[in-house]
Amino acid sequence: MTAFLHGQESWFPVPEVFDHAPALLAVTRGPRHILEYTNAAYVEVFGPRQTGIPVGVAFPELVSQGVIALMDEVYRTGQPHSIRSARIDYRVQGTGAWRRGYFTVVYAPLRSGQGQVEGILVFAVDVTDQVRANERLRESERRLRRTALTLQRSMLPQQVHQPDELRVATRYLPGSVEAEVGGDWYDVIPLGAGRTALVIGDVMGRGVRAAAVMGQLRSAIRAYARLDLPPHEVLHLLCGLVADMAEAQIATCVYAVFDPHEDQLQYAVAGHLPPLVVCPDGGVHRLDGASGPPLGAEGWPYHSHTEHLPSGSTVVFYTDGLVERRGGDIDDGVDRLARALENAVGDPDAVCEHLLASMRVPHSHDDDVALLVMQLPVWDGAWANVYRGAALDLLGGNEVASRARAFACGVLSSWRLPPDLQDKGVLAVSELVANALTHGSPPLKLRLRRTDKRLIVEVHDGTEHMPRLCRPALTDERGRGMSIVASISNSWGARRTPDGKAVWCEFMFPEPRA
């Protein structure tokens with residue numbers, strides 16, 4: 001084939017320059033894009049092409065890429081144009097089988113000595129291997145993300161515990177498809193005696209490791225919660241666990257305990273954003289009275305703070321993915337969340353949806369979002385007779401046992417409990433008070449509480465000596481009190497308090513018959 005590029009003073013032979021080039025090359029001339037030349041590399045891939053005819057006929061494999069319009073634009077403007085990783089389906093030479101390849105194609109103008117565009121150089125590079133390698137890499141990343149997300153979701157509560165005297169809702173939003181899964185988590189843990197632990201946390205980092213560390217922390221905090229320790233002591237134990245991990249790891253956490261008898265939320269914070277409280281009058285403020293360093297930063301003490309929550313209050317726990325935006329100040333994000341809370345109404349689920357919509361979490365957000373909303377309902381009307389509490393300070397000597405029994409009998413009767421449940425409740429009061437008189441010290445206090453599901457009996461005294469179940473011999477006259485309580489109640493336990501301990505037991509109401 002004889003084809004030449006026109007120089008200012010001479011004709012330059014194309015085949016001598018292009019035939020041995022590894023890239024796929026072709027040359028066209030004129031505004032109709034008549035094919036003048038294809039090199040050996042082009043012929044090897046796409047097969048021989050007839051010259052002297054328009055490109056639209058000679059290059060059917062490029063028609064789907066809009067080749068005619070592109071070449072018209074290049075010819076008109078004199079500016080090159082490229083298409084990256086264009087998919088081209090073509091027949092393999094020798095077999096006739098169809099093959100799908102990917103090519104980066106450049107259309108460059110060819111100018112005469114006077115600078116006029118006279119033709120176009122088509123320059124193509126086969127990038128099929130790179131494209132498929134990238135696809136395999138992306139698929140591997142997608143599998144890793146699915147694994148981390150599955151691990152993350154499996155370690156979050158599958159069904160959030162709903163306390164008798166609180167209303168709770170949660171939300172978890174993973175980062176965008178391009179982002180790795182993080183280590184955000186939340187939990188709602190029953191502690192007994194009507195008390196509830198509420199937890200939210202965030203493990204620094206991304207991917208499977210962050211999700212695995214999150215799972216370890218969630219399991220550990222559930223185990224520590226069974227000890228019924230104050231929030232700052234739970235965080236201290238968690239901090240030691242994080243510090244003992246093989247690699248340097250940082251996590252943040254809020255651990256809070258709600259006591260319905262006192263309407264108090266006791267909480268401690270380890271490097272986490274402060275929870276927000278919405279008061280019944282609509283005012284919003286931060287719970288920032290117990291801030292401490294992140295978990296893993298040993299040597300810093302945590303402390304607990306107590307907040308009184310009147311009926312109708314709402315508390316919002318959240319992770320930084322809800323309020324932090326790239327290039328913005330995180331305090332501004334918390335302020336925006338507080339303003340959104342001022343207009344939030346309805347139950348916790350409605351509050352969650354309102355906050356997510358108001359904060360406008362971007363579709364391409366690169367961080368997880370965890371949200372936990374708890375509400376303390378206002379019990380009025382008929383419900384005011386269901387959720388009841390009563391307390392008695394036990395002052396005096398051994399006569400307080402009979403006074404406690406009489407008080408319990410009167411209260412439980414006024415609550416219209418079934419006779420057998422009243423008898424069990426009075427017996428539990430008798431045994432717990434007797435245990436406190438024998439092994440405890442003043443001051444003593446009896447607390448009774450009922451919900452729509454259970455009766456709770458709790459006795460406080462001034463010593464930290466914790467009760468335990470004994471197996472007394474037949475001849476022993478003492479040591480049977482806690483065994484009796486354990487046998488007649490559905491559950492029992494004890495916890496330390498600032499001035500001693502509290503021993504409690506619970507009786508579940510019988511399920512109504514269908």
# chains A, B, ... in the order shown; residues from 1 in each chain; ligands from 1

call {"tool": "residues_around", "arguments": {"residues": "Arg84 of chain A", "least_positions_apart": "2", "cutoff": "12 Å", "atoms": "only C-alpha atoms", "output": "PDB file with N, CA and C atoms, in the first residue's frame"}}
result
ATOM      1  N   GLN A  65     -19.181   3.523  18.881  1.00  0.00           N
ATOM      2  CA  GLN A  65     -18.545   4.546  19.695  1.00  0.00           C
ATOM      3  C   GLN A  65     -18.825   5.958  19.185  1.00  0.00           C
ATOM      4  N   HIS A  81      -9.272  14.170  20.309  1.00  0.00           N
ATOM      5  CA  HIS A  81     -10.302  13.639  21.210  1.00  0.00           C
ATOM      6  C   HIS A  81      -9.950  12.187  21.518  1.00  0.00           C
ATOM      7  N   SER A  82     -10.227  11.789  22.765  1.00  0.00           N
ATOM      8  CA  SER A  82      -9.911  10.407  23.160  1.00  0.00           C
ATOM      9  C   SER A  82     -11.088   9.778  23.878  1.00  0.00           C
ATOM     10  N   ALA A  86     -12.918   2.086  25.891  1.00  0.00           N
ATOM     11  CA  ALA A  86     -14.151   1.868  25.141  1.00  0.00           C
ATOM     12  C   ALA A  86     -14.351   0.370  24.885  1.00  0.00           C
ATOM     13  N   ARG A  87     -15.570  -0.105  25.096  1.00  0.00           N
ATOM     14  CA  ARG A  87     -15.861  -1.521  24.847  1.00  0.00           C
ATOM     15  C   ARG A  87     -16.131  -1.718  23.354  1.00  0.00           C
ATOM     16  N   ILE A  88     -15.423  -2.674  22.748  1.00  0.00           N
ATOM     17  CA  ILE A  88     -15.574  -2.967  21.324  1.00  0.00           C
ATOM     18  C   ILE A  88     -15.726  -4.474  21.158  1.00  0.00           C
ATOM     19  N   TYR A 102     -11.452  -4.041  25.223  1.00  0.00           N
ATOM     20  CA  TYR A 102     -11.508  -2.655  25.678  1.00  0.00           C
ATOM     21  C   TYR A 102     -10.282  -1.928  25.143  1.00  0.00           C
ATOM     22  N   PHE A 103     -10.525  -0.774  24.539  1.00  0.00           N
ATOM     23  CA  PHE A 103      -9.462  -0.029  23.892  1.00  0.00           C
ATOM     24  C   PHE A 103      -9.577   1.451  24.266  1.00  0.00           C
ATOM     25  N   THR A 104      -8.432   2.061  24.472  1.00  0.00           N
ATOM     26  CA  THR A 104      -8.375   3.518  24.571  1.00  0.00           C
ATOM     27  C   THR A 104      -8.014   4.051  23.187  1.00  0.00           C
ATOM     28  N   VAL A 105      -8.901   4.880  22.622  1.00  0.00           N
ATOM     29  CA  VAL A 105      -8.767   5.327  21.245  1.00  0.00           C
ATOM     30  C   VAL A 105      -8.566   6.840  21.230  1.00  0.00           C
ATOM     31  N   VAL A 106      -7.553   7.291  20.477  1.00  0.00           N
ATOM     32  CA  VAL A 106      -7.266   8.718  20.323  1.00  0.00           C
ATOM     33  C   VAL A 106      -7.460   9.090  18.859  1.00  0.00           C
ATOM     34  N   TYR A 107      -8.209  10.159  18.627  1.00  0.00           N
ATOM     35  CA  TYR A 107      -8.392  10.707  17.283  1.00  0.00           C
ATOM     36  C   TYR A 107      -7.632  12.034  17.239  1.00  0.00           C
ATOM     37  N   PHE A 123      -5.475   6.288  16.769  1.00  0.00           N
ATOM     38  CA  PHE A 123      -4.450   5.634  17.574  1.00  0.00           C
ATOM     39  C   PHE A 123      -5.166   4.850  18.678  1.00  0.00           C
ATOM     40  N   ALA A 124      -5.046   3.530  18.702  1.00  0.00           N
ATOM     41  CA  ALA A 124      -5.765   2.699  19.680  1.00  0.00           C
ATOM     42  C   ALA A 124      -4.798   1.794  20.429  1.00  0.00           C
ATOM     43  N   VAL A 125      -5.053   1.629  21.720  1.00  0.00           N
ATOM     44  CA  VAL A 125      -4.255   0.751  22.575  1.00  0.00           C
ATOM     45  C   VAL A 125      -5.194  -0.241  23.254  1.00  0.00           C
ATOM     46  N   ASP A 126      -4.839  -1.503  23.184  1.00  0.00           N
ATOM     47  CA  ASP A 126      -5.650  -2.550  23.813  1.00  0.00           C
ATOM     48  C   ASP A 126      -5.420  -2.524  25.329  1.00  0.00           C
ATOM     49  N   VAL A 127      -6.470  -2.192  26.070  1.00  0.00           N
ATOM     50  CA  VAL A 127      -6.371  -2.139  27.537  1.00  0.00           C
ATOM     51  C   VAL A 127      -7.293  -3.183  28.169  1.00  0.00           C
ATOM     52  N   THR A 128      -7.602  -4.226  27.431  1.00  0.00           N
ATOM     53  CA  THR A 128      -8.527  -5.247  27.930  1.00  0.00           C
ATOM     54  C   THR A 128      -8.026  -5.870  29.223  1.00  0.00           C
ATOM     55  N   GLN A 130      -5.981  -4.656  31.462  1.00  0.00           N
ATOM     56  CA  GLN A 130      -6.061  -3.714  32.580  1.00  0.00           C
ATOM     57  C   GLN A 130      -7.502  -3.544  33.055  1.00  0.00           C
ATOM     58  N   VAL A 131      -8.446  -3.428  32.099  1.00  0.00           N
ATOM     59  CA  VAL A 131      -9.847  -3.261  32.484  1.00  0.00           C
ATOM     60  C   VAL A 131     -10.338  -4.465  33.265  1.00  0.00           C
TER      61      VAL A 131
END

call {"tool": "residues_around", "arguments": {"residues": "Glu307 of chain A", "least_positions_apart": "4", "cutoff": "8 Å", "atoms": "only C-alpha atoms", "output": "PyMOL selection string"}}
result
chain A and resi 264-266

call {"tool": "select_by_dssp", "arguments": {"residues": "segment 170-301 of chain A", "states": "helix (DSSP H, G or I)", "output": "VMD selection string"}}
result
chain A and resid 207 to 225 231 to 243

call {"tool": "residues_around", "arguments": {"residues": "Val361 of chain A", "least_positions_apart": "6", "cutoff": "9 Å", "atoms": "only C-alpha atoms", "output": "VMD selection string"}}
result
chain A and resid 321 to 323 325 369

call {"tool": "residues_around", "arguments": {"residues": "segment 406-410 of chain A", "least_positions_apart": "2", "cutoff": "10 Å", "atoms": "only C-alpha atoms", "output": "list in words"}}
result
Ala390, Ala391, Leu392, Val400, Ala401, Ser402, Arg403, Ala404, Leu412, Ser413, Ser414, Trp415, Gln422, Asp423, Gly425, Val426, Leu427, Ala428, Val429, Ser430, Leu446, Arg447, Leu448 and Val457 of chain A

call {"tool": "closest_residue", "arguments": {"among": "A:Ser64, A:Ser491, A:Thr28, A:Val278", "to": "Gly52 of chain A", "atoms": "only C-alpha atoms"}}
result
A:Thr28

call {"tool": "residues_around", "arguments": {"residues": "Ala494 of chain A", "least_positions_apart": "4", "cutoff": "7 Å", "atoms": "only C-alpha atoms", "output": "NGL selection string"}}
result
:A and (466 or 502-504)

call {"tool": "write_last_selection", "arguments": {"atoms": "C-alpha atoms", "output": "PDB file, in the first residue's frame"}}
result
ATOM      1  CA  MET A 466     -22.933  -8.931  98.017  1.00  0.00           C
ATOM      2  CA  ALA A 502     -29.218  -2.940  96.214  1.00  0.00           C
ATOM      3  CA  VAL A 503     -30.674  -6.456  95.992  1.00  0.00           C
ATOM      4  CA  TRP A 504     -33.647  -6.991  93.689  1.00  0.00           C
TER       5      TRP A 504
END

call {"tool": "closest_residue", "arguments": {"among": "A:Ala21, A:Met214, A:Leu295, A:Leu276", "to": "Leu237 of chain A", "atoms": "only C-alpha atoms"}}
result
A:Leu295

call {"tool": "residues_around", "arguments": {"residues": "Ile53 of chain A", "least_positions_apart": "6", "cutoff": "12 Å", "atoms": "only C-alpha atoms", "output": "list in words"}}
result
Val27, Thr28, Arg29, Gly30, Arg32, His33, Ile34, Leu35, Glu36, Tyr37 and Phe59 of chain A

call {"tool": "atom_distance", "arguments": {"atom1": "atom CA of His161 of chain A", "atom2": "atom CA of Asp335 of chain A"}}
result
29.3 Å

call {"tool": "closest_residue", "arguments": {"among": "A:Thr150, A:Ile68, A:Arg167, A:Asp499", "to": "Gly215 of chain A", "atoms": "only C-alpha atoms"}}
result
A:Thr150

call {"tool": "closest_residue", "arguments": {"among": "A:Val257, A:Cys239, A:Ala384, A:Val117", "to": "Asp72 of chain A", "atoms": "only C-alpha atoms"}}
result
A:Val117

call {"tool": "residues_around", "arguments": {"residues": "Gly283 of chain A", "least_positions_apart": "5", "cutoff": "12 Å", "atoms": "only C-alpha atoms", "output": "mmCIF file with N, CA and C atoms, in the first residue's frame"}}
result
data_model
loop_
_atom_site.group_PDB
_atom_site.id
_atom_site.type_symbol
_atom_site.label_atom_id
_atom_site.label_comp_id
_atom_site.auth_asym_id
_atom_site.auth_seq_id
_atom_site.Cartn_x
_atom_site.Cartn_y
_atom_site.Cartn_z
ATOM 1 N N LEU A 276 -27.620 14.257 73.100
ATOM 2 C CA LEU A 276 -28.466 15.450 73.171
ATOM 3 C C LEU A 276 -29.776 15.098 73.871
ATOM 4 N N VAL A 277 -30.249 15.997 74.714
ATOM 5 C CA VAL A 277 -31.504 15.805 75.451
ATOM 6 C C VAL A 277 -32.508 16.854 75.001
ATOM 7 N N VAL A 278 -33.701 16.399 74.665
ATOM 8 C CA VAL A 278 -34.812 17.300 74.365
ATOM 9 C C VAL A 278 -35.743 17.290 75.573
ATOM 10 N N GLY A 312 -41.472 12.681 79.349
ATOM 11 C CA GLY A 312 -41.586 13.388 78.085
ATOM 12 C C GLY A 312 -40.253 13.762 77.473
ATOM 13 N N SER A 313 -39.144 13.461 78.164
ATOM 14 C CA SER A 313 -37.821 13.779 77.633
ATOM 15 C C SER A 313 -37.423 12.790 76.535
ATOM 16 N N THR A 314 -36.546 13.254 75.650
ATOM 17 C CA THR A 314 -35.970 12.425 74.592
ATOM 18 C C THR A 314 -34.458 12.587 74.638
ATOM 19 N N VAL A 315 -33.740 11.467 74.519
ATOM 20 C CA VAL A 315 -32.276 11.492 74.491
ATOM 21 C C VAL A 315 -31.822 10.872 73.169
ATOM 22 N N ALA A 338 -28.920 19.646 66.873
ATOM 23 C CA ALA A 338 -29.731 20.178 67.977
ATOM 24 C C ALA A 338 -30.902 20.994 67.437
ATOM 25 N N ARG A 339 -30.648 21.795 66.405
ATOM 26 C CA ARG A 339 -31.748 22.585 65.821
ATOM 27 C C ARG A 339 -32.788 21.675 65.174
ATOM 28 N N ALA A 340 -32.324 20.605 64.537
ATOM 29 C CA ALA A 340 -33.268 19.651 63.944
ATOM 30 C C ALA A 340 -34.107 18.983 65.022
ATOM 31 N N LEU A 341 -33.507 18.737 66.192
ATOM 32 C CA LEU A 341 -34.249 18.095 67.283
ATOM 33 C C LEU A 341 -35.351 18.997 67.825
ATOM 34 N N GLU A 342 -35.156 20.296 67.755
ATOM 35 C CA GLU A 342 -36.175 21.212 68.266
ATOM 36 C C GLU A 342 -37.496 21.045 67.530
ATOM 37 N N ASN A 343 -37.437 20.570 66.289
ATOM 38 C CA ASN A 343 -38.653 20.403 65.486
ATOM 39 C C ASN A 343 -39.076 18.948 65.352
ATOM 40 N N ALA A 344 -38.417 18.065 66.084
ATOM 41 C CA ALA A 344 -38.746 16.641 65.991
ATOM 42 C C ALA A 344 -39.911 16.311 66.913
#

call {"tool": "closest_residue", "arguments": {"among": "A:Ala97, A:Leu238, A:Leu110, A:Leu372", "to": "Glu353 of chain A", "atoms": "only C-alpha atoms"}}
result
A:Leu372

call {"tool": "closest_residue", "arguments": {"among": "A:Arg495, A:His303, A:Arg171, A:Lys501", "to": "Ala225 of chain A", "atoms": "only C-alpha atoms"}}
result
A:Arg495
